[in-house]
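Notes follow once the structure below has been shown.
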Amino acid sequence: MTILQFGEGNFLRGFADRMIEGMNRSSGFDGHVQIVQPREKESDAARLLNARGGRYHVVLRGIEQGTAVERIEEIRCVRGVLNPKRDWAAIETVARDPDLRIVLSNTTEAGIVYRPDADTFPAKVARLLNVRFKAGLPGLRFLPCELIERNGETLRDCVLRYVEDPALRRWIESDCIFHNTLVDQIVSGRPDPESAERYAQLLGERDDTLVCAEPFHFWAIENGQDLEAECPLQRAGFHVVYPDDLTPYRTRKVRFLNGAHTALAMAGHLAGFTCVDELTRDAVFGAKLRRLLFDEIFPTVPLPDDEKRAYAESVLERFANPYAHHRLLSIALNSVSKWRVRILPTLLDYLEQFGRLPDELTASLGALIRFYRSGEAVDNPEILAFFKTGPAVEAILARTDFWGMDLTTLPGMTEKVGARCG
């Protein structure tokens with residue numbers, strides 16, 4: 001099977017391409033990945049991968065079931081990287097390949113857009129589908145990995161906006177499948193210089209395309225049950241599920257993983273910590289993290305308790321990963337919008353269920369206010385300018401443009417947040 005992949009970056013190479021390699025080795029799969037750069041300017045990764053014939057290594061390092069692990073895997077399924085400006089004829093040849101079945105993508109959240117006068121990623125897809133349609137070949141299955149809600153449906157809708165031929169449009173709508181997906185893995189990319197030197201010695205070569213990733217991985221592919229017959233991801237041992245609805249899994253990730261990050265990052269930074277793993281080793285913050293995960297977030301996620309408990313435990317291990325070097329200040333970027341999306345829905349659900357505000361989630365808003373008052377925050381200039389005026393807590397909570405609602409209307413919110421932000 002040929003797989004066309006838009007995106008040569010670390011994530012897809014450490015996530016999806018590693019899974020394809022795993023299927024090739026353990027499940028009799030014969031998958032080959034042809035990467036296409038989404039942008040015309042040649043990237044360093046593309047140049048280096050082409051020089052190595054597409055061959056590279058993935059290092060999995062982190063905590064698994066309480067034990068530190070580090071494994072090196074060689075990836076041989078990638079054919080190389082094509083440039084959309086220089087190699088378009090070759091890309092069209094791939095589109096006419098009868099063995100082409102799947103299109104992967106990770107073009108960042110800004111990649112799936114419609115701009116009528118721009119050669120966007122969806123515009124390129126529309127052109128390639130036209131080539132395949134005219135060749136009389138079957139439709140394709142799309143697995144977008146961009147971190148936007150309903151990513152498959154959004155990609156399909158953008159592609160169709162570039163299509164004028166009614167027959168091509170009908171073919172895309174009837175013969176092509178655009179799955180909504182959710183991906184979950186931290187792929188950190190290049191190792192630090194000391195680790196890179198050690199890996200060079202272990203491998204007997206210097207691989208400047210080597211990618212580091214955490215062992216944890218999860219891929220939810222909506223309505224993808226029939227995909228397993230073609231791509232035996234589960235049979236190869238990968239944590240892949242095919243739900244009818246992604247929503248509970250998205251809620252799980254946003255609330256447990258992203259929400260806990262946002263809830264602790266600013267308080268942790270103000271307390272003098274630098275990276276997430278330091279917080280997990282601290283008695284005070286380690287206890288706060290457990291209360292967040294198991295007492296406050298856990299009851300608001302609509303999944304079976306055993307699934308939620310396993311995921312929450314995995315978050316503890318991922319936060320404790322000594323190799324991730326996940327800086328608190330990086331997590332704290334644009335925290336007003338993050339708090340609104342990642343924490344407020346959990347807080348509201350908890351309040352509805354128990355009739356009281358959750359202590360740790362409420363305290364996180366107090367930490368946000370202290371952090372923004374400190375002048376260290378990076379966010380929208382208008383938001384930063386507002387905090388520079390020294391507004392009272394009540395004025396901050398009343399900003400419906402920040403939070404989507406007036407938080408002073410929540411019973412006890414002003415008092416509890418005020419007590420936490422000094």
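As shown in the structure tokens, the chain order sets the letters A, B, ...; within each chain, residues go from 1, and ligands are also counted from 1 in the order they appear.
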**Message:** With only C-alpha atoms as the counted atoms, please give the residues lying no more than 8 Å from Phe238 (chain A), apart from itself and same-chain residues fewer than 2 positions off, as a PyMOL selection string.
**Reply:** chain A and resi 19+217-218+233-236+240
**Contacts of Leu397 (chain A) within 12 Å, only C-alpha atoms, excl. fewer than 2 positions in-chain, as a ChimeraX atom specification** = /A:336,340,344,362,365-366,368-369,387,391-395,399-410,412-418
Selection to disk with C-alpha atoms, as a JSON list (two decimals), in the first residue's frame:
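Below is the file that was written, selection17.json:
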```json
[["chain", "number", "residue", "atom", "x", "y", "z"],
["A", 336, "VAL", "CA", -6.58, 33.21, 29.06],
["A", 340, "ARG", "CA", -11.52, 29.12, 28.98],
["A", 344, "LEU", "CA", -13.84, 26.34, 32.60],
["A", 362, "THR", "CA", -10.79, 27.52, 40.98],
["A", 365, "LEU", "CA", -7.66, 31.06, 37.97],
["A", 366, "GLY", "CA", -6.15, 32.83, 40.96],
["A", 368, "LEU", "CA", -3.48, 32.96, 36.29],
["A", 369, "ILE", "CA", -4.32, 36.39, 37.65],
["A", 387, "PHE", "CA", -3.92, 43.46, 33.21],
["A", 391, "PRO", "CA", -7.96, 45.66, 37.52],
["A", 392, "ALA", "CA", -9.79, 44.26, 40.53],
["A", 393, "VAL", "CA", -10.58, 40.55, 40.62],
["A", 394, "GLU", "CA", -14.28, 41.23, 40.05],
["A", 395, "ALA", "CA", -13.51, 43.24, 36.89],
["A", 399, "ARG", "CA", -14.83, 39.98, 31.20],
["A", 400, "THR", "CA", -17.20, 37.95, 29.03],
["A", 401, "ASP", "CA", -14.83, 38.39, 26.08],
["A", 402, "PHE", "CA", -12.17, 36.51, 28.08],
["A", 403, "TRP", "CA", -14.26, 33.68, 29.50],
["A", 404, "GLY", "CA", -17.40, 33.53, 27.36],
["A", 405, "MET", "CA", -19.49, 34.36, 30.43],
["A", 406, "ASP", "CA", -19.51, 36.60, 33.48],
["A", 407, "LEU", "CA", -17.75, 34.48, 36.10],
["A", 408, "THR", "CA", -18.95, 36.71, 38.92],
["A", 409, "THR", "CA", -22.37, 35.10, 38.47],
["A", 410, "LEU", "CA", -21.02, 31.78, 39.81],
["A", 412, "GLY", "CA", -18.63, 32.14, 45.61],
["A", 413, "MET", "CA", -16.34, 32.53, 42.59],
["A", 414, "THR", "CA", -15.22, 36.09, 43.24],
["A", 415, "GLU", "CA", -14.41, 35.36, 46.87],
["A", 416, "LYS", "CA", -12.59, 32.08, 46.26],
["A", 417, "VAL", "CA", -10.50, 33.44, 43.37],
["A", 418, "GLY", "CA", -9.78, 36.64, 45.25]]
```
**Request:** Please provide as number ranges by chain all residues within 12 Å of region 269-276 of chain A, with the sequence filter that same-chain residues fewer than 5 positions apart are discarded (counting only C-alpha atoms).
**Result:** A: 257, 260-264, 281-282, 284-286, 289, 315-332, 364, 366-377, 421
**Request:** Figure out the distance between CA of Leu48 (chain A) and CA of Arg61 (chain A), please, to one decimal in Å.
**Result:**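 Calculated distance between CA of Arg61 (chain A) and CA of Leu48 (chain A) is 23.0 Å.
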**Request:** Pull the helix (DSSP H, G or I) assignments for region 195-379 of chain A out of DSSP run on the backbone, and list those residues as a PyMOL selection string.
**Result:** chain A and resi 195-203+227-230+247-270+276-281+283-300+305-319+328-331+335-342+344-354+359-373
Please list as a PDB file with N, CA and C atoms, in the first residue's frame every residue within 12 Å of Val59 (chain A), counting only C-alpha atoms and excluding residues in the same chain fewer than 5 positions away.
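Final output, saved to result-v2.pdb:
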```pdb
ATOM      1  N   ASN A  10       8.272  16.434  12.870  1.00  0.00           N
ATOM      2  CA  ASN A  10       8.565  15.423  13.879  1.00  0.00           C
ATOM      3  C   ASN A  10       7.351  14.571  14.229  1.00  0.00           C
ATOM      4  N   ARG A  13       6.309  11.690  11.835  1.00  0.00           N
ATOM      5  CA  ARG A  13       7.395  10.703  11.736  1.00  0.00           C
ATOM      6  C   ARG A  13       7.545   9.899  13.019  1.00  0.00           C
ATOM      7  N   GLY A  14       7.243  10.528  14.174  1.00  0.00           N
ATOM      8  CA  GLY A  14       7.345   9.807  15.436  1.00  0.00           C
ATOM      9  C   GLY A  14       6.074   9.074  15.821  1.00  0.00           C
ATOM     10  N   PHE A  15       4.969   9.412  15.157  1.00  0.00           N
ATOM     11  CA  PHE A  15       3.663   8.852  15.514  1.00  0.00           C
ATOM     12  C   PHE A  15       3.171   7.895  14.430  1.00  0.00           C
ATOM     13  N   ARG A  18       5.874   5.618  12.477  1.00  0.00           N
ATOM     14  CA  ARG A  18       6.346   4.539  13.347  1.00  0.00           C
ATOM     15  C   ARG A  18       5.312   3.413  13.389  1.00  0.00           C
ATOM     16  N   VAL A  69      12.081   3.952  30.522  1.00  0.00           N
ATOM     17  CA  VAL A  69      12.366   3.154  29.330  1.00  0.00           C
ATOM     18  C   VAL A  69      13.022   4.041  28.277  1.00  0.00           C
ATOM     19  N   GLU A  70      13.806   3.400  27.423  1.00  0.00           N
ATOM     20  CA  GLU A  70      14.427   4.085  26.289  1.00  0.00           C
ATOM     21  C   GLU A  70      14.672   3.046  25.200  1.00  0.00           C
ATOM     22  N   ARG A  71      13.959   3.186  24.076  1.00  0.00           N
ATOM     23  CA  ARG A  71      14.064   2.226  22.987  1.00  0.00           C
ATOM     24  C   ARG A  71      14.321   2.969  21.681  1.00  0.00           C
ATOM     25  N   ILE A  72      15.160   2.393  20.842  1.00  0.00           N
ATOM     26  CA  ILE A  72      15.448   2.978  19.537  1.00  0.00           C
ATOM     27  C   ILE A  72      14.855   2.078  18.459  1.00  0.00           C
ATOM     28  N   GLU A  73      14.077   2.665  17.552  1.00  0.00           N
ATOM     29  CA  GLU A  73      13.474   1.920  16.457  1.00  0.00           C
ATOM     30  C   GLU A  73      13.879   2.555  15.130  1.00  0.00           C
ATOM     31  N   GLU A  74      14.218   1.719  14.164  1.00  0.00           N
ATOM     32  CA  GLU A  74      14.573   2.223  12.839  1.00  0.00           C
ATOM     33  C   GLU A  74      13.327   2.261  11.956  1.00  0.00           C
ATOM     34  N   ILE A  75      13.156   3.357  11.229  1.00  0.00           N
ATOM     35  CA  ILE A  75      12.010   3.532  10.332  1.00  0.00           C
ATOM     36  C   ILE A  75      12.510   3.470   8.895  1.00  0.00           C
ATOM     37  N   VAL A 187       5.676  14.290  20.958  1.00  0.00           N
ATOM     38  CA  VAL A 187       6.844  14.005  20.130  1.00  0.00           C
ATOM     39  C   VAL A 187       7.744  15.238  20.214  1.00  0.00           C
ATOM     40  N   SER A 188       8.808  15.118  20.979  1.00  0.00           N
ATOM     41  CA  SER A 188       9.627  16.301  21.285  1.00  0.00           C
ATOM     42  C   SER A 188      10.627  16.636  20.195  1.00  0.00           C
ATOM     43  N   GLY A 189      10.920  15.676  19.308  1.00  0.00           N
ATOM     44  CA  GLY A 189      11.819  15.993  18.196  1.00  0.00           C
ATOM     45  C   GLY A 189      13.267  15.677  18.486  1.00  0.00           C
ATOM     46  N   ARG A 190      14.151  16.574  18.085  1.00  0.00           N
ATOM     47  CA  ARG A 190      15.592  16.343  18.210  1.00  0.00           C
ATOM     48  C   ARG A 190      16.014  16.235  19.669  1.00  0.00           C
ATOM     49  N   PRO A 191      16.935  15.315  19.977  1.00  0.00           N
ATOM     50  CA  PRO A 191      17.432  15.206  21.345  1.00  0.00           C
ATOM     51  C   PRO A 191      18.424  16.317  21.659  1.00  0.00           C
ATOM     52  N   SER A 195      22.594  13.713  24.425  1.00  0.00           N
ATOM     53  CA  SER A 195      21.876  12.493  24.045  1.00  0.00           C
ATOM     54  C   SER A 195      22.134  12.141  22.587  1.00  0.00           C
ATOM     55  N   ALA A 196      22.185  13.155  21.714  1.00  0.00           N
ATOM     56  CA  ALA A 196      22.436  12.901  20.294  1.00  0.00           C
ATOM     57  C   ALA A 196      23.783  12.204  20.095  1.00  0.00           C
ATOM     58  N   ARG A 198      25.313  10.297  22.303  1.00  0.00           N
ATOM     59  CA  ARG A 198      25.187   8.934  22.824  1.00  0.00           C
ATOM     60  C   ARG A 198      24.454   8.048  21.822  1.00  0.00           C
ATOM     61  N   TYR A 199      23.394   8.560  21.182  1.00  0.00           N
ATOM     62  CA  TYR A 199      22.667   7.766  20.198  1.00  0.00           C
ATOM     63  C   TYR A 199      23.548   7.483  18.977  1.00  0.00           C
ATOM     64  N   ALA A 200      24.377   8.424  18.596  1.00  0.00           N
ATOM     65  CA  ALA A 200      25.287   8.202  17.468  1.00  0.00           C
ATOM     66  C   ALA A 200      26.240   7.048  17.764  1.00  0.00           C
ATOM     67  N   LEU A 202      25.621   4.562  19.904  1.00  0.00           N
ATOM     68  CA  LEU A 202      24.841   3.322  19.958  1.00  0.00           C
ATOM     69  C   LEU A 202      24.504   2.808  18.560  1.00  0.00           C
ATOM     70  N   LEU A 203      24.185   3.740  17.641  1.00  0.00           N
ATOM     71  CA  LEU A 203      23.776   3.358  16.294  1.00  0.00           C
ATOM     72  C   LEU A 203      24.960   3.100  15.368  1.00  0.00           C
ATOM     73  N   ASP A 207      22.521  10.254  13.068  1.00  0.00           N
ATOM     74  CA  ASP A 207      21.244  10.432  12.391  1.00  0.00           C
ATOM     75  C   ASP A 207      20.664  11.786  12.808  1.00  0.00           C
ATOM     76  N   THR A 209      18.178  13.149  11.599  1.00  0.00           N
ATOM     77  CA  THR A 209      16.718  13.136  11.446  1.00  0.00           C
ATOM     78  C   THR A 209      16.044  12.367  12.576  1.00  0.00           C
ATOM     79  N   LEU A 210      16.820  11.890  13.525  1.00  0.00           N
ATOM     80  CA  LEU A 210      16.293  11.121  14.647  1.00  0.00           C
ATOM     81  C   LEU A 210      15.255  11.942  15.414  1.00  0.00           C
ATOM     82  N   VAL A 211      14.171  11.272  15.819  1.00  0.00           N
ATOM     83  CA  VAL A 211      13.058  11.921  16.513  1.00  0.00           C
ATOM     84  C   VAL A 211      12.860  11.250  17.869  1.00  0.00           C
ATOM     85  N   CYS A 212      12.678  12.062  18.910  1.00  0.00           N
ATOM     86  CA  CYS A 212      12.386  11.546  20.245  1.00  0.00           C
ATOM     87  C   CYS A 212      10.903  11.706  20.552  1.00  0.00           C
ATOM     88  N   ALA A 213      10.321  10.673  21.175  1.00  0.00           N
ATOM     89  CA  ALA A 213       8.897  10.707  21.516  1.00  0.00           C
ATOM     90  C   ALA A 213       8.681   9.955  22.813  1.00  0.00           C
ATOM     91  N   GLU A 214       7.587  10.270  23.489  1.00  0.00           N
ATOM     92  CA  GLU A 214       7.226   9.520  24.691  1.00  0.00           C
ATOM     93  C   GLU A 214       6.643   8.171  24.281  1.00  0.00           C
ATOM     94  N   PRO A 215       6.729   7.152  25.160  1.00  0.00           N
ATOM     95  CA  PRO A 215       6.159   5.843  24.816  1.00  0.00           C
ATOM     96  C   PRO A 215       4.648   5.878  24.664  1.00  0.00           C
ATOM     97  N   TYR A 323      12.625  13.108  30.396  1.00  0.00           N
ATOM     98  CA  TYR A 323      13.217  13.434  29.091  1.00  0.00           C
ATOM     99  C   TYR A 323      12.444  14.516  28.341  1.00  0.00           C
TER     100      TYR A 323
END
```
**Nearest residue to Ile172 (chain A) from the set A:Val125, A:Val301, A:Ala51, A:Cys145 (distances using only C-alpha atoms)** = A:Val125
**Asked** When distances are computed from only C-alpha atoms, which of A:Pro232, A:Pro411, A:Gly224, A:Gly62 shows the smallest separation from Gly152 (chain A)?
**Response**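 That would be A:Gly224, the residue with the smallest distance to Gly152 (chain A).
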**Counting only C-alpha atoms, the residue of A:Ala363, A:Lys388, A:Ile91, A:Leu143 that sits nearest Ala267 (chain A)** = A:Ala363
Mind checking DSSP for region 56-88 of chain A and telling me the strand (DSSP E or B) residues as a short mmCIF file (atom, residue, chain, number, x, y, z; two decimals) with N, CA and C atoms, in the first residue's frame?
```
data_model
loop_
_atom_site.label_atom_id
_atom_site.label_comp_id
_atom_site.auth_asym_id
_atom_site.auth_seq_id
_atom_site.Cartn_x
_atom_site.Cartn_y
_atom_site.Cartn_z
N TYR A 56 15.33 6.75 8.97
CA TYR A 56 15.65 7.49 10.18
C TYR A 56 15.30 6.65 11.41
N HIS A 57 15.49 7.20 12.60
CA HIS A 57 15.24 6.48 13.84
C HIS A 57 14.30 7.27 14.74
N VAL A 58 13.52 6.51 15.52
CA VAL A 58 12.68 7.09 16.56
C VAL A 58 13.16 6.54 17.90
N VAL A 59 13.35 7.43 18.87
CA VAL A 59 13.70 7.03 20.23
C VAL A 59 12.49 7.24 21.11
N LEU A 60 12.00 6.17 21.72
CA LEU A 60 10.91 6.25 22.69
C LEU A 60 11.53 6.29 24.08
N ARG A 61 11.28 7.36 24.79
CA ARG A 61 11.88 7.47 26.13
C ARG A 61 10.89 8.15 27.07
N GLY A 62 10.77 7.57 28.26
CA GLY A 62 9.83 8.10 29.23
C GLY A 62 9.60 7.09 30.33
N ILE A 63 8.41 7.16 30.93
CA ILE A 63 8.05 6.27 32.04
C ILE A 63 6.92 5.37 31.58
N GLU A 64 7.11 4.06 31.75
CA GLU A 64 6.06 3.07 31.46
C GLU A 64 5.86 2.19 32.68
N THR A 67 8.45 2.52 35.31
CA THR A 67 9.85 2.22 34.97
C THR A 67 10.31 3.10 33.83
N ALA A 68 11.53 3.65 33.98
CA ALA A 68 12.11 4.46 32.90
C ALA A 68 12.47 3.55 31.73
N VAL A 69 12.08 3.95 30.52
CA VAL A 69 12.37 3.15 29.33
C VAL A 69 13.02 4.04 28.28
N GLU A 70 13.81 3.40 27.42
CA GLU A 70 14.43 4.08 26.29
C GLU A 70 14.67 3.05 25.20
N ARG A 71 13.96 3.19 24.08
CA ARG A 71 14.06 2.23 22.99
C ARG A 71 14.32 2.97 21.68
N ILE A 72 15.16 2.39 20.84
CA ILE A 72 15.45 2.98 19.54
C ILE A 72 14.86 2.08 18.46
N GLU A 73 14.08 2.67 17.55
CA GLU A 73 13.47 1.92 16.46
C GLU A 73 13.88 2.55 15.13
N GLU A 74 14.22 1.72 14.16
CA GLU A 74 14.57 2.22 12.84
C GLU A 74 13.33 2.26 11.96
N ILE A 75 13.16 3.36 11.23
CA ILE A 75 12.01 3.53 10.33
C ILE A 75 12.51 3.47 8.89
N VAL A 78 9.57 5.09 4.83
CA VAL A 78 9.44 6.38 4.15
C VAL A 78 10.31 6.40 2.89
N ARG A 79 9.71 6.80 1.77
CA ARG A 79 10.44 6.86 0.49
C ARG A 79 11.24 8.13 0.32
N GLY A 80 10.87 9.18 1.01
CA GLY A 80 11.54 10.46 0.86
C GLY A 80 10.52 11.57 0.87
N VAL A 81 10.98 12.78 0.56
CA VAL A 81 10.13 13.97 0.64
C VAL A 81 10.11 14.66 -0.72
N LEU A 82 8.91 14.94 -1.22
CA LEU A 82 8.75 15.67 -2.47
C LEU A 82 8.37 17.12 -2.17
#
```
**Request:** Counting only C-alpha atoms, figure out which residue out of A:Cys158, A:Cys231, A:Ala135, A:Met23 gets nearest to Pro116 (chain A).
**Result:** A:Cys158
**Message:** Set the distance at 7 Å and use only C-alpha atoms: which residues neighbour region 220-223 of chain A once local chain neighbours fewer than 2 positions away are removed? I'd like the list as a ChimeraX atom specification.
**Reply:** /A:179-183,218,225,240-246
**Request:** Do a neighbour search on Tyr311 (chain A) at 10 Å with only C-alpha atoms, toss out local chain neighbours closer than 6 positions, and write the hits as a ChimeraX atom specification.
**Result:** /A:252-253,256-257,293,298,305,317
**Message:** I'd like the interatomic distance between CA of Thr247 (chain A) and CA of Ala265 (chain A), to a tenth of an Å.
**Reply:**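 Atom-to-atom, CA of Thr247 (chain A) to CA of Ala265 (chain A), that is 25.5 Å.
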**Item:** Spatial neighbours of Asp99 (chain A), max dist 10 Å, only C-alpha atoms, sep filter under 5 positions, as an MDAnalysis selection string
**Value:** chainID A and resid 1:3 31:32 94 137:138
**Message:** Here is a test: counting only C-alpha atoms, which residue of A:Asn130, A:Arg150, A:Leu351, A:Thr251 is nearest to Glu164 (chain A)?
**Reply:**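 Nearest to Glu164 (chain A): A:Asn130.
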**Straight-line distance linking CA of Ser337 (chain A) with CA of Pro248 (chain A), stated in Å to one decimal** =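 Spanning CA of Ser337 (chain A) to CA of Pro248 (chain A) is a straight-line distance of 21.2 Å.
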**Prompt:** Which residue out of A:Ala287, A:Ala118, A:Met266, A:Leu168 has the minimum interatomic distance to Val131 (chain A) when only C-alpha atoms are used?
**Reply:**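 Closest residue, counting only C-alpha atoms: A:Leu168.
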